[in-house]
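File shown here: start.txt, holding compact mmCIF, C-alpha atoms.
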# COMPACT_ATOMS: atom_id res chain seq x y z
CA MET E 137 120.54 -113.32 -177.75
CA MET E 138 120.35 -114.21 -174.08
CA ALA E 139 117.40 -113.27 -171.87
CA CYS E 140 117.69 -112.44 -168.16
CA LYS E 141 115.70 -114.84 -166.00
CA LYS E 142 113.27 -113.09 -163.68
CA ILE E 143 114.10 -113.66 -160.02
CA ASP E 144 111.23 -113.73 -157.56
CA VAL E 145 112.31 -112.81 -154.04
CA ASP E 146 110.56 -114.19 -150.97
CA PHE E 147 111.26 -115.83 -147.64
CA SER E 148 109.51 -117.43 -144.70
CA TYR E 149 110.40 -117.86 -141.05
CA SER E 150 109.70 -120.28 -138.24
CA PRO E 151 108.39 -120.57 -135.63
CA ASP E 152 105.35 -118.42 -136.46
CA GLN E 153 105.26 -116.90 -132.96
CA PRO E 154 108.88 -116.71 -131.83
CA LYS E 155 109.80 -115.65 -128.30
CA ALA E 156 112.65 -113.38 -127.27
CA GLY E 157 115.78 -115.51 -126.91
CA GLU E 158 114.43 -118.21 -129.23
CA LYS E 159 116.24 -119.07 -132.47
CA VAL E 160 114.35 -118.02 -135.61
CA THR E 161 115.06 -119.76 -138.93
CA PHE E 162 114.66 -117.69 -142.09
CA THR E 163 114.14 -119.78 -145.24
CA ASN E 164 115.09 -118.15 -148.54
CA LEU E 165 112.35 -118.90 -151.10
CA SER E 166 113.87 -116.82 -153.92
CA THR E 167 113.95 -118.45 -157.36
CA GLY E 168 117.56 -117.40 -158.06
CA GLY E 169 120.37 -115.09 -157.11
CA GLU E 170 123.91 -115.45 -155.84
CA GLU E 171 124.22 -112.85 -153.09
CA TRP E 172 121.92 -112.27 -150.16
CA ALA E 173 121.72 -109.35 -147.76
CA TRP E 174 119.48 -109.68 -144.71
CA THR E 175 118.59 -106.99 -142.19
CA PHE E 176 116.58 -108.11 -139.19
CA GLY E 177 115.18 -104.79 -137.98
CA ASP E 178 117.13 -104.52 -134.73
CA GLY E 179 120.55 -103.78 -136.23
CA GLY E 180 121.45 -107.39 -137.01
CA THR E 181 122.46 -108.50 -140.53
CA SER E 182 123.50 -111.62 -142.41
CA THR E 183 124.78 -112.63 -145.85
CA LEU E 184 123.86 -116.32 -145.58
CA LYS E 185 121.27 -117.70 -147.95
CA SER E 186 118.97 -118.97 -145.18
CA PRO E 187 120.22 -117.67 -141.83
CA THR E 188 119.08 -118.17 -138.25
CA TYR E 189 118.74 -115.26 -135.88
CA THR E 190 117.84 -114.65 -132.23
CA TYR E 191 116.02 -111.54 -131.07
CA LYS E 192 116.94 -110.41 -127.58
CA ASN E 193 113.85 -108.30 -126.94
CA PRO E 194 110.14 -108.66 -127.74
CA GLY E 195 108.75 -106.32 -130.36
CA THR E 196 107.69 -106.00 -133.99
CA TYR E 197 110.61 -105.95 -136.42
CA THR E 198 110.91 -105.33 -140.17
CA VAL E 199 113.00 -108.01 -141.91
CA THR E 200 114.40 -107.27 -145.37
CA LEU E 201 116.00 -109.62 -147.90
CA LYS E 202 117.85 -108.09 -150.87
CA VAL E 203 119.13 -110.38 -153.64
CA ASP E 204 122.27 -109.57 -155.67
CA GLY E 205 122.39 -106.06 -154.23
CA LYS E 206 119.46 -104.85 -156.37
CA SER E 207 116.70 -102.77 -154.81
CA SER E 208 114.28 -104.24 -157.37
CA ARG E 209 114.96 -107.67 -155.88
CA THR E 210 113.84 -106.98 -152.34
CA LYS E 211 111.26 -108.56 -150.06
CA VAL E 212 110.07 -107.23 -146.70
CA HIS E 213 108.16 -109.02 -143.94
CA GLU E 214 107.26 -107.97 -140.41
CA ILE E 215 107.94 -110.39 -137.58
CA THR E 216 106.47 -110.12 -134.10
CA VAL E 217 108.64 -111.46 -131.28
CA TYR E 218 106.86 -112.26 -128.05
CA ASP E 219 107.73 -112.70 -124.43
CA THR E 220 106.33 -115.52 -122.34
CA ILE E 221 104.83 -112.80 -120.11
CA PRO E 222 102.49 -110.31 -121.89
CA THR E 223 104.08 -106.96 -122.59
CA TYR E 224 103.85 -104.20 -125.18
CA SER E 225 106.20 -102.40 -127.54
CA ALA E 226 106.29 -98.82 -128.85
CA SER E 227 106.71 -97.65 -132.43
CA ASP E 228 109.62 -95.40 -131.44
CA SER E 229 112.26 -95.07 -128.75
CA ALA E 230 112.04 -91.27 -128.40
CA PHE E 231 108.85 -89.25 -127.88
CA ALA E 232 107.82 -85.64 -128.48
CA ILE E 233 104.52 -83.84 -128.06
CA TYR E 234 101.88 -83.85 -130.82
CA ARG E 235 103.50 -86.61 -132.90
CA ASP E 236 101.76 -89.89 -133.71
CA TYR E 237 102.92 -93.06 -131.97
CA SER E 238 101.58 -96.60 -131.73
CA PHE E 239 101.84 -99.14 -128.95
CA GLN E 240 101.43 -102.85 -129.69
CA ALA E 241 100.41 -105.52 -127.19
CA LEU E 242 102.69 -108.57 -127.38
CA VAL E 243 100.84 -111.59 -126.05
CA TYR E 244 102.25 -115.07 -126.60
CA ASN E 245 99.12 -117.10 -127.41
CA PRO E 246 99.93 -120.28 -129.38
CA TYR E 247 96.60 -121.88 -128.43
CA ASN E 248 94.51 -118.90 -129.59
CA TYR E 249 92.77 -118.27 -126.30
CA GLU E 250 90.47 -115.27 -126.02
CA VAL E 251 92.43 -112.14 -125.14
CA LYS E 252 91.07 -108.90 -123.70
CA TYR E 253 93.00 -105.62 -123.63
CA LEU E 254 92.54 -102.40 -121.69
CA TRP E 255 94.97 -99.48 -122.06
CA TYR E 256 94.94 -96.89 -119.30
CA GLN E 257 96.78 -93.95 -117.78
CA PRO E 258 98.02 -94.83 -114.26
CA GLY E 259 97.49 -92.36 -111.43
CA ASP E 260 95.12 -89.44 -111.12
CA GLU E 261 96.89 -86.77 -113.21
CA ALA E 262 95.05 -84.84 -115.89
CA PRO E 263 95.20 -86.70 -119.23
CA TYR E 264 98.50 -86.15 -121.06
CA TYR E 265 97.78 -88.04 -124.26
CA THR E 266 94.99 -88.23 -126.84
CA VAL E 267 93.93 -91.47 -128.52
CA THR E 268 93.47 -91.07 -132.28
CA ASP E 269 91.97 -93.80 -134.47
CA THR E 270 91.74 -96.75 -132.05
CA THR E 271 89.96 -97.68 -128.85
CA MET E 272 91.47 -98.37 -125.43
CA ARG E 273 90.41 -102.03 -125.78
CA ALA E 274 92.35 -103.02 -128.90
CA ALA E 275 95.70 -104.79 -129.20
CA THR E 276 97.18 -101.67 -130.84
CA LEU E 277 96.86 -98.15 -129.44
CA HIS E 278 97.48 -95.01 -131.49
CA LEU E 279 97.98 -91.73 -129.62
CA TYR E 280 99.89 -88.48 -129.35
CA PHE E 281 101.20 -86.84 -126.17
CA THR E 282 99.88 -83.37 -125.40
CA ARG E 283 102.48 -82.12 -122.93
CA PRO E 284 106.14 -82.77 -122.12
CA MET E 285 106.78 -85.03 -119.14
CA THR E 286 109.71 -86.79 -117.52
CA GLU E 287 107.48 -89.80 -116.80
CA ALA E 288 104.48 -90.22 -119.06
CA ARG E 289 103.10 -93.51 -117.80
CA LEU E 290 101.07 -95.88 -119.95
CA GLY E 291 99.47 -99.07 -118.66
CA LEU E 292 98.02 -102.15 -120.34
CA LEU E 293 95.79 -104.74 -118.69
CA VAL E 294 95.76 -108.14 -120.46
CA VAL E 295 93.34 -110.97 -119.66
CA LEU E 296 94.39 -114.24 -121.31
CA ASN E 297 92.49 -117.47 -120.60
CA GLY E 298 91.37 -116.05 -117.26
CA ASP E 299 94.83 -114.88 -116.19
CA THR E 300 95.32 -111.13 -115.70
CA THR E 301 98.59 -109.30 -116.32
CA ARG E 302 99.17 -105.60 -115.72
CA ILE E 303 102.03 -103.85 -117.59
CA GLU E 304 103.06 -100.26 -116.85
CA LYS E 305 105.88 -98.36 -118.54
CA SER E 306 107.14 -94.77 -118.37
CA PHE E 307 108.32 -92.59 -121.25
CA LEU E 308 110.21 -89.32 -121.49
CA VAL E 309 108.18 -86.92 -123.63
CA VAL E 310 110.04 -83.80 -124.78
CA ASN E 311 108.88 -80.44 -126.06
CA ARG E 312 109.47 -79.38 -129.67
CA GLU E 313 109.84 -76.16 -131.61
CA THR E 314 106.89 -75.03 -133.66
CA ASN E 315 105.04 -71.98 -134.94
CA SER E 316 102.59 -69.98 -132.86
CA VAL E 317 99.51 -67.94 -133.61
CA LEU E 318 98.86 -64.98 -131.32
CA PHE E 319 95.47 -63.46 -130.47
CA ARG E 320 94.14 -60.43 -128.65
CA ASN E 321 90.69 -59.93 -127.18
CA ALA E 322 89.27 -58.01 -124.21
CA GLN E 323 90.67 -60.58 -121.77
CA GLY E 324 94.29 -60.24 -122.91
CA ASP E 325 96.89 -61.63 -125.30
CA TYR E 326 97.08 -65.34 -126.10
CA ARG E 327 99.51 -67.76 -127.70
CA GLN E 328 98.53 -71.02 -129.37
CA ARG E 329 101.24 -73.34 -130.70
CA ILE E 330 100.51 -75.13 -133.97
CA PHE E 331 101.58 -78.72 -134.72
CA GLY E 332 100.54 -79.52 -138.29
CA GLN E 333 96.83 -80.31 -138.12
CA ARG E 334 96.86 -80.12 -134.31
CA ALA E 335 97.26 -77.28 -131.85
CA GLU E 336 97.62 -76.64 -128.14
CA ASP E 337 94.86 -74.85 -126.29
CA PRO E 338 95.43 -71.08 -126.34
CA ARG E 339 96.96 -69.67 -123.17
CA GLN E 340 97.50 -66.10 -122.03
CA ASP E 341 101.03 -64.97 -122.80
CA ALA E 342 102.52 -61.54 -122.13
CA SER E 343 105.29 -62.17 -124.70
CA ALA E 344 102.67 -61.94 -127.47
CA LYS E 345 102.09 -58.23 -126.81
CA ALA E 346 104.94 -56.80 -128.91
CA LEU E 347 103.98 -58.75 -132.03
CA LEU E 348 100.31 -58.01 -131.63
CA ASP E 349 101.01 -54.31 -131.15
CA ALA E 350 103.03 -54.32 -134.38
CA GLU E 351 100.58 -56.46 -136.34
CA GLN E 352 98.14 -54.65 -138.59
CA ASP E 353 96.50 -55.42 -141.92
CA THR E 354 95.96 -51.95 -143.36
CA ALA E 355 99.33 -51.57 -145.12
CA GLN E 356 101.92 -54.03 -146.41
CA LEU E 357 105.26 -53.98 -148.17
CA TYR E 358 105.12 -56.62 -150.91
CA ASN E 359 107.81 -57.19 -153.56
CA GLY E 360 109.32 -53.79 -152.81
CA LYS E 361 106.04 -51.87 -153.14
CA TRP E 362 103.82 -50.50 -150.42
CA PHE E 363 100.14 -51.38 -150.63
CA LYS E 364 97.80 -49.20 -148.56
CA MET E 365 94.10 -49.12 -147.82
CA SER E 366 93.60 -45.83 -149.61
CA GLU E 367 95.05 -47.24 -152.85
CA LEU E 368 93.11 -50.50 -152.67
CA LYS E 369 89.70 -49.04 -151.77
CA PRO E 370 88.78 -48.21 -155.40
CA ILE E 371 89.26 -51.90 -156.27
CA PHE E 372 87.76 -53.31 -153.07
CA PRO E 373 85.23 -50.73 -151.82
CA GLU E 374 84.25 -52.64 -148.63
CA LEU E 375 87.89 -53.26 -147.63
CA GLN E 376 88.64 -53.27 -143.88
CA GLY E 377 92.00 -55.05 -143.86
CA PHE E 378 94.21 -57.22 -146.10
CA LYS E 379 97.27 -59.43 -146.46
CA ILE E 380 99.16 -60.30 -149.65
CA ALA E 381 100.88 -63.62 -150.39
CA GLY E 382 101.70 -65.41 -153.64
CA ARG E 383 100.22 -62.60 -155.75
CA LYS E 384 96.87 -63.13 -153.98
CA ILE E 385 95.20 -60.59 -151.75
CA TYR E 386 93.20 -61.86 -148.80
CA TYR E 387 90.91 -59.17 -147.46
CA ARG E 388 88.26 -58.46 -144.85
CA ALA E 389 85.20 -56.85 -146.36
CA GLU E 390 82.68 -54.98 -144.22
CA GLY E 391 79.53 -57.06 -143.87
CA GLU E 392 80.83 -59.62 -146.37
CA GLY E 393 83.34 -61.71 -144.42
CA LEU E 394 86.65 -62.81 -145.94
CA TRP E 395 87.67 -62.90 -149.61
CA VAL E 396 90.62 -63.86 -151.81
CA ALA E 397 91.36 -62.30 -155.19
CA SER E 398 94.24 -61.86 -157.59
CA ILE E 399 96.34 -58.87 -156.64
CA ASP E 400 94.78 -56.84 -159.48
CA GLY E 401 91.29 -57.59 -158.18
CA ALA E 402 90.43 -60.34 -160.65
CA ASN E 403 88.62 -63.56 -159.72
CA PRO E 404 87.35 -62.65 -156.25
CA VAL E 405 86.18 -65.67 -154.24
CA GLN E 406 84.49 -65.54 -150.84
CA ILE E 407 86.14 -67.67 -148.14
CA GLU E 408 84.05 -66.66 -145.12
CA THR E 409 80.50 -65.27 -144.96
CA GLU E 410 80.54 -64.21 -141.29
CA GLU E 411 81.90 -60.83 -140.23
CA CYS E 412 85.70 -61.11 -140.04
CA THR E 413 87.25 -59.12 -137.16
CA ALA E 414 90.96 -59.93 -137.64
CA MET E 415 93.23 -61.91 -139.92
CA THR E 416 96.86 -62.80 -140.62
CA ILE E 417 98.93 -65.03 -142.90
CA ASP E 418 101.58 -67.56 -141.87
CA LEU E 419 104.05 -67.96 -144.75
CA VAL E 420 105.89 -70.79 -142.95
CA ASP E 421 102.89 -73.13 -142.86
CA ASN E 422 101.15 -71.38 -145.81
CA ARG E 423 97.95 -70.68 -143.93
CA ILE E 424 95.53 -67.85 -143.38
CA TYR E 425 94.00 -67.37 -139.94
CA TRP E 426 90.96 -65.21 -139.27
CA ALA E 427 88.52 -64.46 -136.45
CA VAL E 428 84.75 -64.38 -136.45
CA ALA E 429 82.51 -63.57 -133.48
CA ASN E 430 83.17 -66.63 -131.32
CA GLU E 431 86.01 -68.59 -132.89
CA VAL E 432 89.20 -68.46 -134.94
CA ARG E 433 89.47 -70.40 -138.21
CA TYR E 434 92.18 -71.26 -140.72
CA MET E 435 92.76 -72.80 -144.13
CA PRO E 436 95.69 -73.27 -146.55
CA LEU E 437 96.56 -70.39 -148.85
CA VAL E 438 95.00 -70.55 -152.30
CA GLY E 439 97.29 -71.77 -155.08
CA ALA E 440 94.96 -71.97 -158.09
CA ASP E 441 94.85 -69.26 -160.75
CA ASN E 442 91.07 -68.94 -160.39
CA ASN E 443 91.44 -68.57 -156.59
CA ARG E 444 89.22 -71.57 -155.90
CA PHE E 445 90.07 -73.38 -152.70
CA VAL E 446 89.65 -77.14 -152.28
CA THR E 447 89.62 -77.42 -148.47
CA GLU E 448 87.04 -76.38 -145.93
CA PRO E 449 87.95 -73.85 -143.22
CA GLN E 450 88.84 -75.46 -139.88
CA THR E 451 88.27 -74.11 -136.36
CA ILE E 452 91.43 -73.68 -134.29
CA ASN E 453 89.88 -72.31 -131.09
CA THR E 454 86.74 -70.71 -129.66
CA LEU E 455 88.18 -67.42 -128.43
CA GLY E 456 85.53 -64.72 -128.76
CA GLY E 457 85.96 -61.06 -129.66
CA VAL E 458 89.41 -61.41 -131.21
CA THR E 459 90.57 -58.07 -132.59
CA ARG E 460 94.13 -58.89 -133.66
CA ILE E 461 95.99 -61.97 -134.90
CA ALA E 462 99.71 -62.40 -135.58
CA THR E 463 102.12 -65.27 -136.14
CA ASP E 464 105.38 -65.99 -134.36
CA ASN E 465 107.69 -68.30 -136.32

Now that the file is in, can you turn its structure into structure tokens?
Amino acid sequence: MMACKKIDVDFSYSPDQPKAGEKVTFTNLSTGGEEWAWTFGDGGTSTLKSPTYTYKNPGTYTVTLKVDGKSSRTKVHEITVYDTIPTYSASDSAFAIYRDYSFQALVYNPYNYEVKYLWYQPGDEAPYYTVTDTTMRAATLHLYFTRPMTEARLGLLVVLNGDTTRIEKSFLVVNRETNSVLFRNAQGDYRQRIFGQRAEDPRQDASAKALLDAEQDTAQLYNGKWFKMSELKPIFPELQGFKIAGRKIYYRAEGEGLWVASIDGANPVQIETEECTAMTIDLVDNRIYWAVANEVRYMPLVGADNNRFVTEPQTINTLGGVTRIATDN
């Protein structure tokens, strides 16, 4: 019997800090194989065993080597290509609001001088991005844009060995479709667009009126059957309003906040202890939204048979006195 020899796939490259326009040599360190497929991260490819390649633009690129066409024989390395003048690159070439992006400073520094970074927003406009898990003084900046703009400008100040360089670039940031949650209080009707775990600030919106007028949580058609307050009161005596989803009933109980139970009343679990003034369910994002005295909260719908929920309610806004909530998908 013959045994297949294990092939270890790896490669190196030189120089360690290549510049745009400089030839990079990739050395195949694999222990075997007969066919090689290289992708260099900017659209370039090669089938040579140990190719050379030149990057035209600075940036961080993902280089992949696949041996003998087998996905199990693949090695990936990232390579950072610099410019002789400090600059920065972006994690994407197209930008939309409320999506995560990263920006990477590219500073050619073969002598390991001290480098200082400062990211900033040029001009005096109101902030149009939010920094997430980094500071404005790191080599990498993580952020999301909060409003569409034809020119969202982002600047980087680099101090290298006493020399200061200022880089400013502009980006087109587009809008995107998403779901909305609508609210009504004494001041009017509001719309708040939802982007995953993030949301815009609520704004007054006359187009919300029709859906809010139609929204109510005292009767619901579910699986071809009408459920009404009068029929549910014997099971839930303190019932003020309800929604049904996934064979669960979510209900407002007078003086007892918000509850979830099986549709037959079994396994009731309290979600909210404060008085609940309005609620709705979004079946697109699988969430329940509800209002208490001075804020609106949400959480994912319950999926467990015992109606236990594993996440804590989150606050989506601080609108007070909300009397109706609806969703607009």

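The space between atom CA of E:Arg339 and atom CA of E:Thr270 spans 29.0 Å.
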
Measuring atom to atom with all atoms listed in the file, identify which of E:Ala335, E:Ala232, E:Gln240, E:Ala173 is nearest to E:Ala288. E:Ala232

Spatial neighbours of E:Thr300, max dist 10 Å, only C-alpha atoms, sep filter under 2 positions, as an MDAnalysis selection string: chainID E and resid 222 251:253 293:298 302

What lies within 9 Å of E:Ile371 using all atoms listed in the file, ignoring chain neighbours under 4 positions off, as a PDB file with C-alpha atoms, keeping the file's coordinate frame?
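Saved to part.pdb:
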ATOM      1  CA  GLU E 367      95.050 -47.240-152.850  1.00  0.00           C
ATOM      2  CA  LEU E 375      87.890 -53.260-147.630  1.00  0.00           C
ATOM      3  CA  ASP E 400      94.780 -56.840-159.480  1.00  0.00           C
ATOM      4  CA  GLY E 401      91.290 -57.590-158.180  1.00  0.00           C
TER       5      GLY E 401
END

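A straight line drawn from atom CA of E:Asn403 to atom CA of E:Asp421 is 24.1 Å long.
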
Atom CA of E:Trp426 sits from atom CA of E:Tyr265 at a separation of 28.2 Å

E:Ala414, E:His278, E:Arg444, E:Phe319 ranked by distance to E:Asp464, top pick (using only C-alpha atoms): E:Phe319

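Distances to E:Trp362 were evaluated for E:Lys379, E:Tyr149, E:Val310, E:Thr190 using only C-alpha atoms, and the minimum falls at E:Lys379.
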
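Comparing E:Thr282, E:Gln352, E:Thr454, E:Gln257 by their smallest distance to E:Arg329, the closest is E:Thr282 (using all atoms listed in the file).
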
Identify, on the basis of all atoms listed in the file, every residue whose closest approach to E:Leu201 does not exceed 9 Å; exclude the query and any residue fewer than 3 positions from it along the same chain; express the result as a PyMOL selection string. chain E and resi 145-147+164+172-176+209-213

Could you write out the selected residues, including C-alpha atoms, as a PDB file, in the coordinates of the input?
ATOM      1  CA  VAL E 145     112.310-112.810-154.040  1.00  0.00           C
ATOM      2  CA  ASP E 146     110.560-114.190-150.970  1.00  0.00           C
ATOM      3  CA  PHE E 147     111.260-115.830-147.640  1.00  0.00           C
ATOM      4  CA  ASN E 164     115.090-118.150-148.540  1.00  0.00           C
ATOM      5  CA  TRP E 172     121.920-112.270-150.160  1.00  0.00           C
ATOM      6  CA  ALA E 173     121.720-109.350-147.760  1.00  0.00           C
ATOM      7  CA  TRP E 174     119.480-109.680-144.710  1.00  0.00           C
ATOM      8  CA  THR E 175     118.590-106.990-142.190  1.00  0.00           C
ATOM      9  CA  PHE E 176     116.580-108.110-139.190  1.00  0.00           C
ATOM     10  CA  ARG E 209     114.960-107.670-155.880  1.00  0.00           C
ATOM     11  CA  THR E 210     113.840-106.980-152.340  1.00  0.00           C
ATOM     12  CA  LYS E 211     111.260-108.560-150.060  1.00  0.00           C
ATOM     13  CA  VAL E 212     110.070-107.230-146.700  1.00  0.00           C
ATOM     14  CA  HIS E 213     108.160-109.020-143.940  1.00  0.00           C
TER      15      HIS E 213
END

Of E:Ser150, E:Ser238, E:Gln376, E:Asn453, the one sitting nearest E:Thr188 when using all atoms listed in the file is E:Ser150

What residues have an atom no more than 12 Å from (97.7, -69.5, -130.9) in the file's own frame, counting all atoms listed in the file, and can you write them as number ranges by chain? E: 314-320, 325-331, 334-341, 344, 348, 416, 418, 425-427, 431-434, 451-455, 458, 460-465
